Every structure is written in C-alpha cells, then in structure tokens.
file query.cif (mmCIF, C-alpha atoms (C1' of nucleotides))
data_protein
#
loop_
_atom_site.label_atom_id
_atom_site.label_comp_id
_atom_site.auth_asym_id
_atom_site.auth_seq_id
_atom_site.Cartn_x
_atom_site.Cartn_y
_atom_site.Cartn_z
CA MET A 23 19.46 8.57 -18.08
CA LEU A 24 19.49 11.61 -15.84
CA VAL A 25 21.35 9.82 -13.03
CA SER A 26 24.03 7.20 -13.57
CA ASP A 27 23.27 5.11 -10.47
CA SER A 28 21.44 5.03 -7.14
CA ARG A 29 24.29 6.81 -5.35
CA GLU A 30 23.97 9.85 -7.56
CA LEU A 31 20.22 9.88 -6.91
CA TYR A 32 20.86 9.64 -3.16
CA GLU A 33 23.26 12.59 -3.27
CA ARG A 34 20.80 14.69 -5.26
CA LEU A 35 17.97 13.90 -2.85
CA LEU A 36 20.17 14.84 0.11
CA THR A 37 20.64 18.32 -1.36
CA CYS A 38 16.85 18.80 -1.27
CA ASN A 39 16.88 18.60 2.55
CA LEU A 40 13.69 16.54 2.53
CA LEU A 41 14.02 15.03 5.99
CA LYS A 42 14.59 18.26 7.89
CA ASN A 43 11.43 17.70 9.96
CA SER A 44 12.40 14.13 10.85
CA PRO A 45 15.73 14.53 12.60
CA LYS A 46 16.73 10.92 12.60
CA PHE A 47 14.34 8.54 10.88
CA TRP A 48 11.53 9.22 8.48
CA TRP A 49 9.15 6.47 9.64
CA PRO A 50 7.65 7.33 13.06
CA SER A 51 8.57 5.05 15.98
CA TYR A 52 11.42 3.49 14.00
CA GLY A 53 12.35 0.05 15.31
CA THR A 54 9.17 -0.55 17.30
CA PHE A 55 6.13 -2.81 17.00
CA GLU A 56 4.05 0.22 16.01
CA VAL A 57 5.85 0.19 12.66
CA VAL A 58 4.39 -3.25 11.93
CA LEU A 59 0.90 -1.92 12.61
CA GLY A 60 1.60 1.14 10.48
CA VAL A 61 2.86 -0.93 7.55
CA ILE A 62 -0.40 -2.86 7.34
CA LEU A 63 -2.57 0.20 7.93
CA THR A 64 -0.84 2.27 5.26
CA GLN A 65 -1.78 -0.16 2.47
CA ASN A 66 -3.78 1.83 -0.05
CA SER A 67 -4.35 4.57 2.49
CA GLN A 68 -2.99 8.01 3.28
CA PHE A 69 -0.41 8.18 6.03
CA LYS A 70 -2.26 11.04 7.72
CA ARG A 71 -5.16 8.61 8.27
CA VAL A 72 -2.73 5.96 9.50
CA GLU A 73 -1.36 8.35 12.12
CA ILE A 74 -4.87 8.87 13.48
CA SER A 75 -5.31 5.10 13.72
CA LEU A 76 -1.94 4.65 15.42
CA GLU A 77 -2.85 7.32 17.96
CA ASN A 78 -6.14 5.51 18.65
CA LEU A 79 -4.29 2.23 19.11
CA LYS A 80 -1.77 3.80 21.47
CA ASN A 81 -4.49 5.49 23.53
CA ASN A 82 -6.13 2.10 24.01
CA GLY A 83 -2.90 0.34 24.86
CA LEU A 84 -2.88 -1.62 21.61
CA ASN A 85 0.77 -0.91 20.86
CA THR A 86 2.07 -4.28 22.04
CA ILE A 87 1.58 -7.73 20.54
CA ASP A 88 0.07 -9.19 23.71
CA ASN A 89 -2.47 -6.40 24.11
CA VAL A 90 -3.56 -6.64 20.49
CA LEU A 91 -4.03 -10.39 20.86
CA THR A 92 -6.09 -10.12 24.04
CA CYS A 93 -8.28 -7.14 23.16
CA LYS A 94 -11.81 -7.33 21.78
CA SER A 95 -11.69 -7.31 17.99
CA GLU A 96 -14.38 -4.60 17.99
CA LEU A 97 -11.94 -2.28 19.76
CA LEU A 98 -9.16 -3.03 17.29
CA ILE A 99 -11.52 -2.34 14.39
CA GLU A 100 -12.75 0.90 15.95
CA CYS A 101 -9.16 2.12 16.35
CA ILE A 102 -8.08 1.41 12.78
CA LYS A 103 -11.24 2.53 10.98
CA PRO A 104 -9.78 5.89 9.89
CA SER A 105 -7.32 4.05 7.60
CA GLY A 106 -10.03 2.15 5.75
CA MET A 107 -10.37 -1.55 4.85
CA TYR A 108 -10.64 -2.30 8.54
CA ILE A 109 -12.09 -5.82 8.23
CA ASN A 110 -9.16 -7.10 6.17
CA LYS A 111 -6.56 -5.12 8.05
CA SER A 112 -7.77 -6.17 11.50
CA ASN A 113 -7.54 -9.81 10.42
CA TYR A 114 -4.07 -9.28 8.97
CA ILE A 115 -2.92 -7.63 12.20
CA LEU A 116 -4.35 -10.35 14.43
CA THR A 117 -3.00 -13.29 12.44
CA LEU A 118 0.41 -11.64 12.11
CA CYS A 119 0.61 -10.96 15.86
CA GLN A 120 -0.32 -14.57 16.61
CA ALA A 121 2.29 -15.83 14.15
CA ILE A 122 4.99 -13.62 15.67
CA LYS A 123 4.12 -14.96 19.13
CA ASP A 124 4.04 -18.56 17.93
CA ASP A 125 7.26 -18.45 15.92
CA PHE A 126 9.38 -15.83 17.72
CA ASN A 127 7.75 -15.40 21.14
CA ASP A 128 8.31 -11.64 21.35
CA PHE A 129 8.89 -8.60 19.17
CA LYS A 130 12.58 -8.23 20.00
CA ASN A 131 13.34 -11.80 18.96
CA PHE A 132 11.19 -11.30 15.86
CA THR A 133 13.25 -8.30 14.72
CA CYS A 134 16.49 -10.28 15.09
CA LYS A 135 15.42 -13.52 13.47
CA VAL A 136 12.66 -12.88 10.91
CA ASP A 137 13.42 -13.02 7.19
CA ARG A 138 11.64 -11.88 4.03
CA GLU A 139 10.34 -15.33 3.16
CA TRP A 140 8.58 -15.68 6.52
CA LEU A 141 6.96 -12.27 6.13
CA LEU A 142 5.81 -12.99 2.57
CA SER A 143 4.08 -16.17 3.74
CA GLN A 144 1.82 -14.13 6.02
CA LYS A 145 -1.60 -13.03 4.76
CA GLY A 146 -1.72 -9.33 3.99
CA ILE A 147 2.05 -8.96 3.67
CA GLY A 148 3.31 -8.46 0.13
CA LYS A 149 6.78 -7.44 -1.02
CA GLU A 150 6.52 -3.78 -0.16
CA SER A 151 5.10 -4.47 3.30
CA ALA A 152 7.67 -7.20 3.99
CA ASP A 153 10.53 -4.90 3.05
CA SER A 154 9.02 -2.00 5.00
CA ILE A 155 8.88 -4.17 8.13
CA LEU A 156 12.46 -5.34 7.61
CA CYS A 157 13.69 -1.80 7.00
CA TYR A 158 11.73 0.27 9.51
CA ALA A 159 10.76 -2.20 12.26
CA CYS A 160 13.75 -4.58 12.18
CA LYS A 161 16.37 -1.95 11.25
CA ARG A 162 17.71 -4.10 8.42
CA ASN A 163 19.66 -2.93 5.40
CA VAL A 164 16.72 -3.46 3.03
CA MET A 165 15.65 -0.96 0.39
CA VAL A 166 11.89 -0.43 0.14
CA VAL A 167 10.55 0.46 -3.29
CA ASP A 168 7.01 1.48 -4.19
CA ALA A 169 4.88 3.16 -6.85
CA TYR A 170 6.59 6.49 -6.12
CA THR A 171 10.02 4.92 -6.63
CA ASN A 172 8.93 3.38 -9.90
CA ARG A 173 7.53 6.69 -11.19
CA LEU A 174 10.61 8.64 -10.16
CA LEU A 175 12.98 6.20 -11.87
CA LYS A 176 10.80 6.22 -14.97
CA ALA A 177 11.01 10.01 -15.06
CA LEU A 178 14.80 9.66 -14.81
CA GLY A 179 14.85 7.34 -17.82
CA TYR A 180 14.75 3.84 -16.31
CA GLU A 181 12.26 1.03 -16.91
CA PHE A 182 11.91 -2.05 -14.70
CA GLU A 183 10.08 -5.33 -15.19
CA ASP A 184 8.90 -5.79 -11.62
CA TYR A 185 9.40 -4.99 -7.95
CA ASP A 186 12.53 -7.10 -7.52
CA GLU A 187 14.29 -5.64 -10.53
CA LEU A 188 13.52 -2.11 -9.38
CA GLN A 189 14.79 -2.95 -5.90
CA SER A 190 18.01 -4.44 -7.18
CA TRP A 191 18.89 -1.18 -8.95
CA PHE A 192 19.54 0.31 -5.53
CA ASP A 193 22.92 -0.02 -3.86
CA VAL A 194 22.76 0.93 -0.19
CA ASP A 195 25.44 0.75 2.51
CA ASP A 196 23.45 0.25 5.69
CA ALA A 197 20.06 0.31 7.40
CA LEU A 198 20.14 4.05 8.00
CA MET A 199 20.83 4.81 4.35
CA ALA A 200 18.07 2.46 3.19
CA ALA A 201 15.56 3.98 5.61
CA ASN A 202 16.34 7.54 4.63
CA PHE A 203 16.65 6.81 0.91
CA HIS A 204 13.11 5.50 0.61
CA GLY A 205 11.84 8.26 2.92
CA MET A 206 13.39 10.96 0.76
CA ILE A 207 11.90 9.46 -2.40
CA VAL A 208 8.41 9.44 -0.89
CA GLU A 209 8.74 12.99 0.43
CA TYR A 210 10.13 14.22 -2.88
CA MET A 211 7.31 12.62 -4.87
CA LYS A 212 4.58 13.79 -2.49
CA ASN A 213 5.74 17.35 -2.99
CA ASN A 214 6.84 17.32 -6.62
CA SER A 215 4.71 14.93 -8.61
CA THR A 216 1.26 13.91 -9.78
CA ARG A 217 0.25 10.56 -11.18
CA LYS A 218 1.15 11.72 -14.66
CA SER A 219 4.19 13.93 -14.19
CA VAL A 220 7.26 14.43 -12.04
CA LYS A 221 9.00 17.78 -11.54
CA LEU A 222 12.73 17.22 -11.47
CA ASP A 223 13.99 20.80 -11.04
CA LYS A 224 14.29 20.51 -7.23
CA MET A 225 17.06 17.99 -7.90
CA ARG A 226 18.86 20.55 -10.09
CA PHE A 227 17.92 19.03 -13.42
"C1'" DG B 30 -19.10 12.13 -8.55
"C1'" DG B 31 -14.52 10.39 -9.63
"C1'" DC B 32 -9.84 9.86 -8.42
"C1'" DC B 33 -6.34 8.99 -5.25
"C1'" DA B 34 -3.54 7.60 -1.04
"C1'" DG B 35 3.58 5.39 1.89
"C1'" DG B 36 -1.03 -2.45 -1.41
"C1'" DT B 37 -2.64 -7.18 -1.30
"C1'" DG B 38 -5.62 -11.27 -2.11
"C1'" DT B 39 -8.57 -13.71 -5.01
"C1'" DA B 40 -11.12 -15.17 -8.96
"C1'" DA B 41 -11.72 -15.11 -13.64
"C1'" DA B 42 -9.90 -15.01 -18.35
"C1'" DT C 1 0.35 -15.67 -16.34
"C1'" DT C 2 -2.07 -11.45 -16.58
"C1'" DT C 3 -6.18 -8.64 -15.54
"C1'" DA C 4 -10.07 -7.00 -12.90
"C1'" DC C 5 -12.03 -6.26 -8.93
"C1'" DA C 6 -12.79 -5.95 -3.82
"C1'" DC C 7 -11.42 -4.03 0.26
"C1'" DA C 8 -13.47 1.20 2.80
"C1'" DT C 9 -12.15 5.83 4.28
"C1'" DG C 10 -11.77 10.97 3.71
"C1'" DG C 11 -9.81 14.97 0.97
"C1'" DC C 12 -9.78 17.40 -3.17
#

call {"tool": "encode", "arguments": {"input": "query.cif", "output": "structure tokens"}}
result
Amino acid sequence: MLVSDSRELYERLLTCNLLKNSPKFWWPSYGTFEVVLGVILTQNSQFKRVEISLENLKNNGLNTIDNVLTCKSELLIECIKPSGMYINKSNYILTLCQAIKDDFNDFKNFTCKVDREWLLSQKGIGKESADSILCYACKRNVMVVDAYTNRLLKALGYEFEDYDELQSWFDVDDALMAANFHGMIVEYMKNNSTRKSVKLDKMRF
DNA sequence: GGCCAGGTGTAAA
DNA sequence: TTTACACATGGC
C-alpha cells in the first residue's frame, strides 16, 4: 500500500494544488439546482459538453425546477443535446423535477430533507449520481467515488468489491472536505492517468 | 473507425 | 447474480 489511509491520500493531493483554478468548490454552482441538472447530464459524458448544455439551459431560463417543468420538452432536449443521450436524460430530469416538487415542494426544502434512499428510487439516479447530488447540491458530508477513484486506489494497492466498499474506505470530516476530496481525485486522474495506467510521481511517490 | 468521457436501466444468460 | 448492450455526442 502506498498510502496508509484516506487522510494521507488527502494530504498528498493537497500538495498537488489541483484546485487552484476553483477557489472554493470544484463543482460549478455548488449548492444550487444546476448541480442536479449537471449530475444527470454528466453521466457517460465529458464535463466540457455538460457545461455547454448548462449554459444553454441557463440562457433559456431552465435553471429552476418550475421552469423546467413548464417548458416545452423540445426546448429542454435542444438545450441538453451537446451532452448526448438526450432522450433518456430529458426524461430523467423531468421526472426528477416533478418528484422533487411533489415530495419536497421546492429545491431548498429538498436539499435539507432528501436522503440517499429517496434519490436511488428515482429513475436515472444511481449511487454515484445520488452521492454527487447529496455532496454538491445538498452540501452534505458524503464522499463521491467513481471509476477514477477506483483506478487511483487500485494503483495505490487497494482492491474493492463494489461502490459501497470503496466509499467506506474514505474518512472525511465535513461537506467541504468531501467535495474537495473527490474533486482533487478527478482532476488528478484527468491530468495524470489513462485507462491503463496512473502516474503517481506528482504525489511524490 | 474505434475508444472514451465526472453512468444507469434493462433484458438476457 | 452477472454480463451485454443501449443510450448519443464530439474529440482524439
């Protein structure tokens, strides 16, 4: 094992200064409804494409639950096309917005009251998306793990059975640490890895 | 042309 | 329970 625990990994990632271009939070519009849209749009897509879609949505006023629910679905689809899989994703967005309205009334109440189980029962929301919404939209102390995280830990000598086991390896203090931890892992892996290999020298190995 | 990107649902085996 | 495939786009 090249690191003894998640805290050592966190310290090593901090020394890489990976979040220097994101002064406070790595995910854009942290704590807003736009994060929910971004989480669905980013599924099997590049975030650069997601940012184009989010800009389209914003320019058409589709950055609130009510506006998404009352707009023509053709407009929603047109806005999110750059991220791909727009038929599925537009349906996921619409049904999720309706469910939030039905069960929580508004976004603010949703962020305070929603839990993981509720999110996982929604179509189009799996574990990673549920945790991303909790972490980056609801500002909860929830660690998001993904394929990057799994590959990094594997390169460091760890093997995990599944998502939940990988997630439970992480020990985080608060919402800010969780948000930045996952962000640093993604940024590190984007810059220092391919599907087959991970360069560890930036972390002083 | 094939592979991949800040995944998930569904059907078949 | 696991595996294979669909979803769809643009960059390399």

call {"tool": "resolve_selection", "arguments": {"input": "query.cif", "expression": "the PyMOL selection byres ((chain A and resi 65-80) around 6)", "output": "VMD selection string"}}
result
(chain A and resid 62 to 64 81 to 85 101 to 102 104 to 105) or (chain B and resid 34 36)

call {"tool": "interface_residues", "arguments": {"input": "query.cif", "of": "chain B", "to": "chain A", "cutoff": "12 Å", "atoms": "all atoms listed in the file", "output": "list in words"}}
result
DC32, DC33, DA34, DG35, DG36, DT37 and DG38 of chain B

call {"tool": "atom_distance", "arguments": {"input": "query.cif", "atom1": "atom CA of A:Leu41", "atom2": "atom CA of A:Met225"}}
result
14.5 Å

call {"tool": "resolve_selection", "arguments": {"input": "query.cif", "expression": "the PyMOL selection byres ((chain C and resi 3) around 10)", "output": "ChimeraX atom specification"}}
result
/B:41-42 /C:1-2,4-5

call {"tool": "resolve_selection", "arguments": {"input": "query.cif", "expression": "the PyMOL selection byres ((chain C) within 6 of (chain A))", "output": "VMD selection string"}}
result
chain C and resid 7 to 9

call {"tool": "write_last_selection", "arguments": {"input": "query.cif", "atoms": "C-alpha atoms (C1' of nucleotides)", "output": "PDB file, in the coordinates of the input"}}
result
ATOM      1  C1'  DC C   7     -11.420  -4.030   0.260  1.00  0.00           C
ATOM      2  C1'  DA C   8     -13.470   1.200   2.800  1.00  0.00           C
ATOM      3  C1'  DT C   9     -12.150   5.830   4.280  1.00  0.00           C
TER       4       DT C   9
END

call {"tool": "atom_distance", "arguments": {"input": "query.cif", "atom1": "atom CA of A:Val164", "atom2": "atom CA of A:Asp128"}}
result
21.8 Å

call {"tool": "atom_distance", "arguments": {"input": "query.cif", "atom1": "atom CA of A:Asn39", "atom2": "atom CA of A:Lys218"}}
result
24.3 Å

call {"tool": "residues_near_point", "arguments": {"input": "query.cif", "point": "(9.8, 4.3, -11.0)", "cutoff": "12 Å", "atoms": "all atoms listed in the file", "output": "count of residues only"}}
result
31

call {"tool": "residues_around", "arguments": {"input": "query.cif", "residues": "A:Leu156", "least_positions_apart": "4", "cutoff": "12 Å", "atoms": "all atoms listed in the file", "output": "JSON, numbers by chain"}}
result
{"A": [52, 53, 54, 55, 57, 58, 61, 132, 133, 134, 135, 136, 137, 138, 139, 140, 141, 142, 147, 149, 150, 151, 152, 160, 161, 162, 163, 164, 165, 166, 197, 200, 201]}
